[in-house]
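Scroll down for the structure; my scribbles are underneath it.
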Amino acid sequence: MKKKLQKVESQSDSGKDAPSCPEVFFKTNTEAIKDNIIHHLMSFQGRDPERSGPTDVYKSLAYTMRDIMVEKWISTQKTFYAKKKKRVYYLSLEFLIGRSLGNSLVNLGIMEDAKKAIEGLGFDMSEIRDQEEDAGLGNGGLGRLAACFMDSIATLKIPAYGYGIRYEYGLFYQQLIDGYQVETPDNWLRYGTPWEFERRVPVFPVRFYGNVTGYLDDNGRYRAKWVNTTDVMAMPCDILVPGYRNDHVINMRLWTARASRDFDLGFFSQGDYISAVQSKVSSETISKVLYPPDHNLAGQELRLKQQYFFVAATLQDVIRRFKKNNREGFGKFSDAVAIQLNDTHPSIAIPELMRMLLDIEGLTWEEAWDICVKTFAYTNHTLMSEALEKWTVDLLGRVLPRHLEIIYEINRRFLEAVAQSYPGDINRLRNMSIIEEGPPKMVRMAHLAIVGSHSVNGVAALHTRLLKDRLFHDFHRFYPGKFNNKTNGITPRRWLLQANPELAALIGEHIGDDWVTDLAQLRRLEPCADDPEFRRRWQDVKRANKVRLAEYVKDLCSLAIDPDSMFDVQVKRIHEYKRQLLNALHVIHLYHRILRNGGEEIASRTVIFGGKAAPSYWRAKLIIKLITSIADVINNDPRIFGRLKVVFLPNYTVSQAEKIIPAADLSEQISTAGTEASGTGNMKFALNGALTIGTLDGANIEIREEVGEDNIFIFGMTAEEAEYERLNISRTPLQICQANAEINDVIESLRNGCFSPGNRDLFMPLVESLMNKYDPYLLLLDLESYIQCQHRVNAAFLDPEEWTRMAILNVARMGKFSTDRTIREYSEEIWGIPVA
Ligand SMILES: *Cc1c(COP(=O)(O)O)cnc(C)c1O
């Protein structure tokens, strides 16, 4: 087998990607890759290469990739240390990375060699790639953003690390049983993952519970001591993230909880072996499972412990690394360290850093606070006040007693400053306080994050404006300049090059490959929109993607769908604010129209849904049941001759998104204006040549600005109009139904059990929310406008040349939405690190 530790001079024999370091262990040509796979099959998996199956080969190829990456990672780390650069720490409770094999092959530039190697072993690359389990360590957009950021950070060579939790169970696996969502555990580590390095060092203790005592130090100053704690150890696992063809590899460090001692010796002395084992198991549950609510629900103790666990371990690692490079003390801390908080989930880091600087390092409050504010920056992800994180004072004080003390002191000083600016304005103090008066008294984590950071950013222009004008208006006035916008993006490596290789190749033929790292280059495609030959090839690519998706749907759902119909897609978490129900109402309306007039001038459609509902969100789960019920009725109605089909694809994940999005014609982005902070699904679709039907919400507004209003289908209220309607109710749902017979028919069919044979009242809770004049999501108020807009979509789709022209222009004008642009802005404007 392969003598792989033999050094080779260079990679020049593999062509384009000569490495920057002079010596490399691992060659990346076809033969070397094949040899390495065989080596891994035998030495590490004990398999006979001639009798190995696709899972064995997948694993061995993955290890081969990891070998190549670790070498580049080591040299990347050396350059960080050598240049004593400022480090960025991106703290996120979620990293929705999905699969890594395709991404590493693409980013290392060895997809073609690896394909040949795999073929040489008698396998097909797509079969091998389908062996990989998704790393579903996130819920949705927030977690996927963190993953896209890691790709751009590595590609732009920013000295940064991602920090999070290595959940043993990722987001639950969704099955549909009788049309209902049923959750089962995502045991993604069952067979291990080849992508991580488990580390034995550094391992850090993390403390919980106990109580605080005070003492006077040598200088006579009060020092707090946190005692009688229950301790858990944090063990690091590193996942490597390669930049795009730049020999740069960074890592995500994900913490696993381990019992502080293997067994609690106290129990042994009492002869209680079982309790000793239980206490070990209980400390290890901290990193066991990802919480499935997407936009915050009920403050659970284990969730708070997860947050503190990963923050406490991370800050110990940050300070360890800081001390290694800076021997002159903490004065320069914020010149060496920037910490970005992805939502409030890691915001307990603010009192934790205070605690370390005060109680361990012995700094004064003023010194410590100055360092904190200069170090931290906070990204807000929601405008919905009910989704803002809060912990009861009681819970936080029990789990983290010292932190509660520190939070009270932060708040006391903060409110004193506010009172100075606004003497006598008690109401303002109450609204801005970090502590919400009870009962029960609560700690408002967003307020803590705003006060303790030098930067607070929203994730789209509208979102940031509404943060300043509404949700955090008082803070914006008190801290002018602290609030700023960083419009989200997506990485074009995963979401175009990797997910849609044929479209990427067609684009490459016309404008070269620079767009992969400079997405604004796509503008050069604009003239191609008017070239009939180019349009024909564009249509061929789209159709091939649709045929592949149709095969996937056939396999998964045993349903035949027509690749020539319009693929109308809404995939995202199921949430009332995202309004899958609005889409469902349009489907019913379309069904009625086809029944009425035989479907003349109605383009055939396949309406595809996908997404998970939080297990405790019964209303979202009922929406899933409604969609699957509508599908049952429509797909089996011979009167419509297959002109309309409805699919609910189970278990939406990143890898499924990569199959669906390149095949979409129409992208549904229909949240109530003023509720979706940005959205990133909207960007993925537009980048793959789907046209958007959407509201003036989140980044849809900026997408319209870029692609032009003639190339997007916009309907419904603005955020301002929606807010006005909530307060004034100009028309009630009942009045809307009375004025519009078609809408009335749609509601009536839900009421009279058309879609729930044998269970007439099944969907009454949904009817009641639709007909409630206080419906916060204003579905009926937007329905008429939505239906009219869908008419325009229909007409446009009946003109394939015009549709294709619009699709090409969408792709050509998506340059802004690369995370390379987003990360450059974070780096230069928040972290103070210029990007080459
Ligand atoms: C991009 C993405 C999301 C976010 O989609 P939105 O439409 O922005 O809510 C959620 N889940 C997965 C798997 C994704 O890839």
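The chains in the structure tokens are called A, B, ... from first to last as shown; in each chain the residues are counted from 1, and the ligands are counted from 1 in the order shown.
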Taking only C-alpha atoms and all ligand atoms into account, list the residues no farther than 8 Å from ligand 1, as a list in words.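 Protein and nucleic-acid residues within 8 Å of ligand 1: Leu96, Gly98, Asn139, Gly140, Gly141, Leu142, Arg144, Leu145, Gln570, Val571, Lys572, Arg573, Lys578, Gly611, Tyr652, Thr653, Val654, Ser655, Gln656, Ala657, Glu658, Gln669, Ser678, Gly679, Thr680, Gly681, Asn682 and Lys684 of chain A.
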Would you list, as a PyMOL selection string, the residues of segment 430-578 of chain A that end up in helix (DSSP H, G or I) under DSSP run on this structure's backbone? chain A and resi 430-432+445-451+461-471+473-478+492-498+501-511+514-516+519-530+532-557+576-578
With only C-alpha atoms as the basis for distance, which of A:Gly179, A:Gly214, A:Gly512, A:Gly716 is at the shortest distance from Cys557 of chain A?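 Checking each candidate against Cys557 of chain A, we get A:Gly179 as the closest.
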Contact residues around Glu168 of chain A with only C-alpha atoms at 12 Å, ignoring same-chain residues under 5 positions, as a list in words: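 So, after excluding close chain neighbours, the residues are Ala135, Gly136, Leu137, Pro185, Asp186, Asn187, Trp188, Leu189, Arg190, Tyr191, Gly192, Thr193, Cys237, Leu254, Trp255, Thr256, Ala257, Glu284, Thr285, Ile286, Ser287, Lys288, Val289, Leu290 and Tyr291 of chain A.
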Running DSSP on the backbone, which parts of segment 317-365 of chain A land in strand (DSSP E or B), as a ChimeraX atom specification? /A:337-342
A:Ile74, A:Ala796, A:Leu41, A:Ala147: which is nearest Arg494 of chain A, counting only C-alpha atoms? A:Ala147
Atom CA of Thr375 of chain A to atom CA of Gln77 of chain A, straight-line distance in Å: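 Atom-to-atom, atom CA of Gln77 of chain A to atom CA of Thr375 of chain A, that is 21.8 Å.
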With distances taken over only C-alpha atoms, which of A:Ala663, A:Ile153, A:Ala377, A:Leu691 is nearest to Thr491 of chain A?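 Answer, going by the shortest atom-to-atom distance: A:Ile153.
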Can you pull out every residue within 9 Å of segment 824-827 of chain A, counting only C-alpha atoms, but drop anything in the same chain fewer than 6 positions away, and send it as a ChimeraX atom specification? /A:88,152-153,156,158,486,833-835
Residue with smallest distance to Gln175 of chain A - pool A:Leu595, A:Leu388, A:Ile33, A:Leu556, counting only C-alpha atoms: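 That would be A:Leu556, the residue with the smallest distance to Gln175 of chain A.
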Out of A:Arg207, A:Val569, A:Gly329, A:Val811, which residue has the shortest atom-to-atom distance to Ile507 of chain A when counting only C-alpha atoms? A:Val811
Selection: 7 Å around Pro650 of chain A, only C-alpha atoms, excl. self and same-chain fewer than 5 positions, as a list in words: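 Final neighbour list, sorted by chain and number: Gln174, Gln175, Leu176 and Gly610 of chain A.
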For the selection you just gave me, I'd like the residues written to a file as a compact mmCIF listing (two decimals), in the first residue's frame, keeping all heavy atoms.
```txt
# COMPACT_ATOMS: atom_id res chain seq x y z
N GLN A 174 -37.19 14.46 10.68
CA GLN A 174 -38.63 14.61 10.49
C GLN A 174 -39.18 13.52 9.58
O GLN A 174 -38.73 13.35 8.45
CB GLN A 174 -38.92 15.97 9.84
CG GLN A 174 -40.40 16.23 9.55
CD GLN A 174 -40.58 17.42 8.61
OE1 GLN A 174 -39.98 17.46 7.53
NE2 GLN A 174 -41.37 18.39 9.04
N GLN A 175 -40.16 12.79 10.12
CA GLN A 175 -40.89 11.84 9.27
C GLN A 175 -42.32 12.33 9.15
O GLN A 175 -42.82 13.05 10.02
CB GLN A 175 -40.96 10.48 9.98
CG GLN A 175 -39.70 9.67 9.90
CD GLN A 175 -39.90 8.38 10.70
OE1 GLN A 175 -39.96 8.41 11.92
NE2 GLN A 175 -40.03 7.27 9.99
N LEU A 176 -42.96 11.94 8.07
CA LEU A 176 -44.39 12.22 7.95
C LEU A 176 -45.13 10.91 8.10
O LEU A 176 -44.89 9.95 7.35
CB LEU A 176 -44.69 12.85 6.59
CG LEU A 176 -44.07 14.23 6.36
CD1 LEU A 176 -44.33 14.69 4.94
CD2 LEU A 176 -44.59 15.24 7.37
N GLY A 610 -41.26 22.23 2.15
CA GLY A 610 -40.38 21.45 3.02
C GLY A 610 -40.04 22.29 4.22
O GLY A 610 -39.99 23.52 4.13
```
With a distance cut-off of 7 Å and only C-alpha atoms, select the neighbouring residues of segment 338-350 of chain A, excluding the residue or stretch itself and same-chain residues fewer than 3 positions from it, and output the selection as number ranges by chain. A: 87-93, 307-308, 311, 334, 353-354, 372, 375-381, 389, 445-446, 449, 452, 831
Save out the residues we just selected, N, CA and C atoms, as an mmCIF file, in the first residue's frame.
```cif
data_model
loop_
_atom_site.group_PDB
_atom_site.id
_atom_site.type_symbol
_atom_site.label_atom_id
_atom_site.label_comp_id
_atom_site.auth_asym_id
_atom_site.auth_seq_id
_atom_site.Cartn_x
_atom_site.Cartn_y
_atom_site.Cartn_z
ATOM 1 N N ARG A 87 -7.210 38.282 16.599
ATOM 2 C CA ARG A 87 -8.044 37.117 16.327
ATOM 3 C C ARG A 87 -9.511 37.469 16.521
ATOM 4 N N VAL A 88 -10.313 36.866 15.667
ATOM 5 C CA VAL A 88 -11.753 37.027 15.796
ATOM 6 C C VAL A 88 -12.344 35.708 16.275
ATOM 7 N N TYR A 89 -13.258 35.799 17.213
ATOM 8 C CA TYR A 89 -13.955 34.623 17.704
ATOM 9 C C TYR A 89 -15.434 34.767 17.382
ATOM 10 N N TYR A 90 -15.932 33.868 16.557
ATOM 11 C CA TYR A 90 -17.350 33.915 16.173
ATOM 12 C C TYR A 90 -18.097 32.895 17.031
ATOM 13 N N LEU A 91 -18.848 33.399 18.012
ATOM 14 C CA LEU A 91 -19.523 32.520 18.965
ATOM 15 C C LEU A 91 -20.959 32.274 18.523
ATOM 16 N N SER A 92 -21.275 30.993 18.320
ATOM 17 C CA SER A 92 -22.613 30.663 17.837
ATOM 18 C C SER A 92 -23.066 29.344 18.451
ATOM 19 N N LEU A 93 -24.284 29.339 18.953
ATOM 20 C CA LEU A 93 -24.831 28.097 19.503
ATOM 21 C C LEU A 93 -25.170 27.117 18.376
ATOM 22 N N GLN A 307 -25.524 27.295 27.057
ATOM 23 C CA GLN A 307 -24.968 28.592 26.660
ATOM 24 C C GLN A 307 -23.747 28.930 27.505
ATOM 25 N N TYR A 308 -23.896 28.795 28.819
ATOM 26 C CA TYR A 308 -22.771 29.157 29.680
ATOM 27 C C TYR A 308 -21.606 28.191 29.475
ATOM 28 N N VAL A 311 -19.655 29.126 26.356
ATOM 29 C CA VAL A 311 -19.056 30.450 26.511
ATOM 30 C C VAL A 311 -17.875 30.390 27.487
ATOM 31 N N SER A 334 -8.356 44.214 23.743
ATOM 32 C CA SER A 334 -9.281 44.397 22.622
ATOM 33 C C SER A 334 -8.549 44.729 21.316
ATOM 34 N N LEU A 353 -16.782 37.352 30.977
ATOM 35 C CA LEU A 353 -15.473 38.007 30.809
ATOM 36 C C LEU A 353 -15.240 39.000 31.968
ATOM 37 N N MET A 354 -16.298 39.712 32.357
ATOM 38 C CA MET A 354 -16.183 40.589 33.536
ATOM 39 C C MET A 354 -15.712 39.793 34.755
ATOM 40 N N CYS A 372 -14.428 44.843 27.987
ATOM 41 C CA CYS A 372 -15.598 44.096 27.502
ATOM 42 C C CYS A 372 -16.259 44.812 26.328
ATOM 43 N N THR A 375 -14.429 44.715 23.191
ATOM 44 C CA THR A 375 -14.204 43.372 22.631
ATOM 45 C C THR A 375 -15.456 42.799 21.966
ATOM 46 N N PHE A 376 -16.612 43.024 22.593
ATOM 47 C CA PHE A 376 -17.820 42.348 22.122
ATOM 48 C C PHE A 376 -18.580 43.137 21.050
ATOM 49 N N ALA A 377 -19.180 42.388 20.154
ATOM 50 C CA ALA A 377 -20.115 42.939 19.174
ATOM 51 C C ALA A 377 -21.265 41.940 19.076
ATOM 52 N N TYR A 378 -22.469 42.443 18.912
ATOM 53 C CA TYR A 378 -23.677 41.609 18.986
ATOM 54 C C TYR A 378 -24.463 41.715 17.679
ATOM 55 N N THR A 379 -24.859 40.576 17.146
ATOM 56 C CA THR A 379 -25.724 40.523 15.965
ATOM 57 C C THR A 379 -27.135 40.146 16.393
ATOM 58 N N ASN A 380 -28.078 41.002 16.098
ATOM 59 C CA ASN A 380 -29.484 40.708 16.402
ATOM 60 C C ASN A 380 -30.118 39.986 15.205
ATOM 61 N N HIS A 381 -30.995 39.029 15.480
ATOM 62 C CA HIS A 381 -31.614 38.256 14.396
ATOM 63 C C HIS A 381 -33.130 38.307 14.365
ATOM 64 N N GLU A 389 -34.622 36.714 23.949
ATOM 65 C CA GLU A 389 -34.319 35.797 25.034
ATOM 66 C C GLU A 389 -34.384 36.463 26.407
ATOM 67 N N MET A 445 -31.719 39.441 27.867
ATOM 68 C CA MET A 445 -30.367 39.198 27.342
ATOM 69 C C MET A 445 -30.021 40.157 26.198
ATOM 70 N N ALA A 446 -31.017 40.610 25.437
ATOM 71 C CA ALA A 446 -30.720 41.542 24.345
ATOM 72 C C ALA A 446 -30.234 42.885 24.913
ATOM 73 N N ALA A 449 -26.732 42.465 25.972
ATOM 74 C CA ALA A 449 -25.827 42.409 24.814
ATOM 75 C C ALA A 449 -25.602 43.801 24.209
ATOM 76 N N GLY A 452 -23.356 45.826 26.663
ATOM 77 C CA GLY A 452 -22.002 45.301 26.800
ATOM 78 C C GLY A 452 -21.208 45.215 25.509
ATOM 79 N N TRP A 831 -14.684 44.481 13.383
ATOM 80 C CA TRP A 831 -13.532 43.841 14.028
ATOM 81 C C TRP A 831 -12.242 44.650 13.886
#
```
Need to verify the contact set: Lys468 of chain A, 12 Å, only C-alpha atoms, exclusion of same-chain residues closer than 5 positions in sequence. Can you return it as a list in words? Asn380, Leu383, Val456, Asn457, Gly458, Ala461, Leu462, His463, His473, Asp474, Phe475, His476, Arg477, Phe478, Tyr479, Pro480, Gly481, Lys482, Phe483, Asn484 and Asn485 of chain A
Based on the selection just made, write C-alpha atoms of those residues as a PDB file, in the first residue's frame.
```
ATOM      1  CA  ASN A 380     -29.484  40.708  16.402  1.00  0.00           C
ATOM      2  CA  LEU A 383     -37.710  41.935  15.331  1.00  0.00           C
ATOM      3  CA  VAL A 456     -25.027  46.051  17.458  1.00  0.00           C
ATOM      4  CA  ASN A 457     -25.896  44.991  13.945  1.00  0.00           C
ATOM      5  CA  GLY A 458     -29.028  43.991  12.121  1.00  0.00           C
ATOM      6  CA  ALA A 461     -31.282  47.210   5.748  1.00  0.00           C
ATOM      7  CA  LEU A 462     -34.975  47.127   6.699  1.00  0.00           C
ATOM      8  CA  HIS A 463     -34.262  45.042   9.811  1.00  0.00           C
ATOM      9  CA  HIS A 473     -35.305  52.984  19.648  1.00  0.00           C
ATOM     10  CA  ASP A 474     -34.333  54.193  23.135  1.00  0.00           C
ATOM     11  CA  PHE A 475     -30.983  52.417  22.928  1.00  0.00           C
ATOM     12  CA  HIS A 476     -30.292  53.892  19.510  1.00  0.00           C
ATOM     13  CA  ARG A 477     -30.862  57.389  20.885  1.00  0.00           C
ATOM     14  CA  PHE A 478     -28.737  56.701  23.928  1.00  0.00           C
ATOM     15  CA  TYR A 479     -25.894  55.086  21.918  1.00  0.00           C
ATOM     16  CA  PRO A 480     -25.807  56.928  18.585  1.00  0.00           C
ATOM     17  CA  GLY A 481     -23.502  55.106  16.171  1.00  0.00           C
ATOM     18  CA  LYS A 482     -23.615  51.755  17.975  1.00  0.00           C
ATOM     19  CA  PHE A 483     -26.275  50.299  15.659  1.00  0.00           C
ATOM     20  CA  ASN A 484     -25.212  49.300  12.146  1.00  0.00           C
ATOM     21  CA  ASN A 485     -26.272  47.072   9.275  1.00  0.00           C
TER      22      ASN A 485
END
```
Give me the residues of segment 679-782 of chain A that have any atom at most 10 Å from an atom of segment 625-640 of chain A; for each, the nearest atom pair and the distance in Å, rounded to one decimal. Use only C-alpha atoms, sort by chain and number, and format it as CSV.
```
residue,atom,partner,partner_atom,distance
A:Leu750,CA,A:Leu626,CA,9.1
A:Cys754,CA,A:Val633,CA,8.3
A:Phe755,CA,A:Ser629,CA,5.7
A:Ser756,CA,A:Ser629,CA,6.8
A:Pro757,CA,A:Ser629,CA,9.3
A:Leu762,CA,A:Leu626,CA,8.9
A:Phe763,CA,A:Leu626,CA,7.2
A:Leu766,CA,A:Leu626,CA,9.2
```
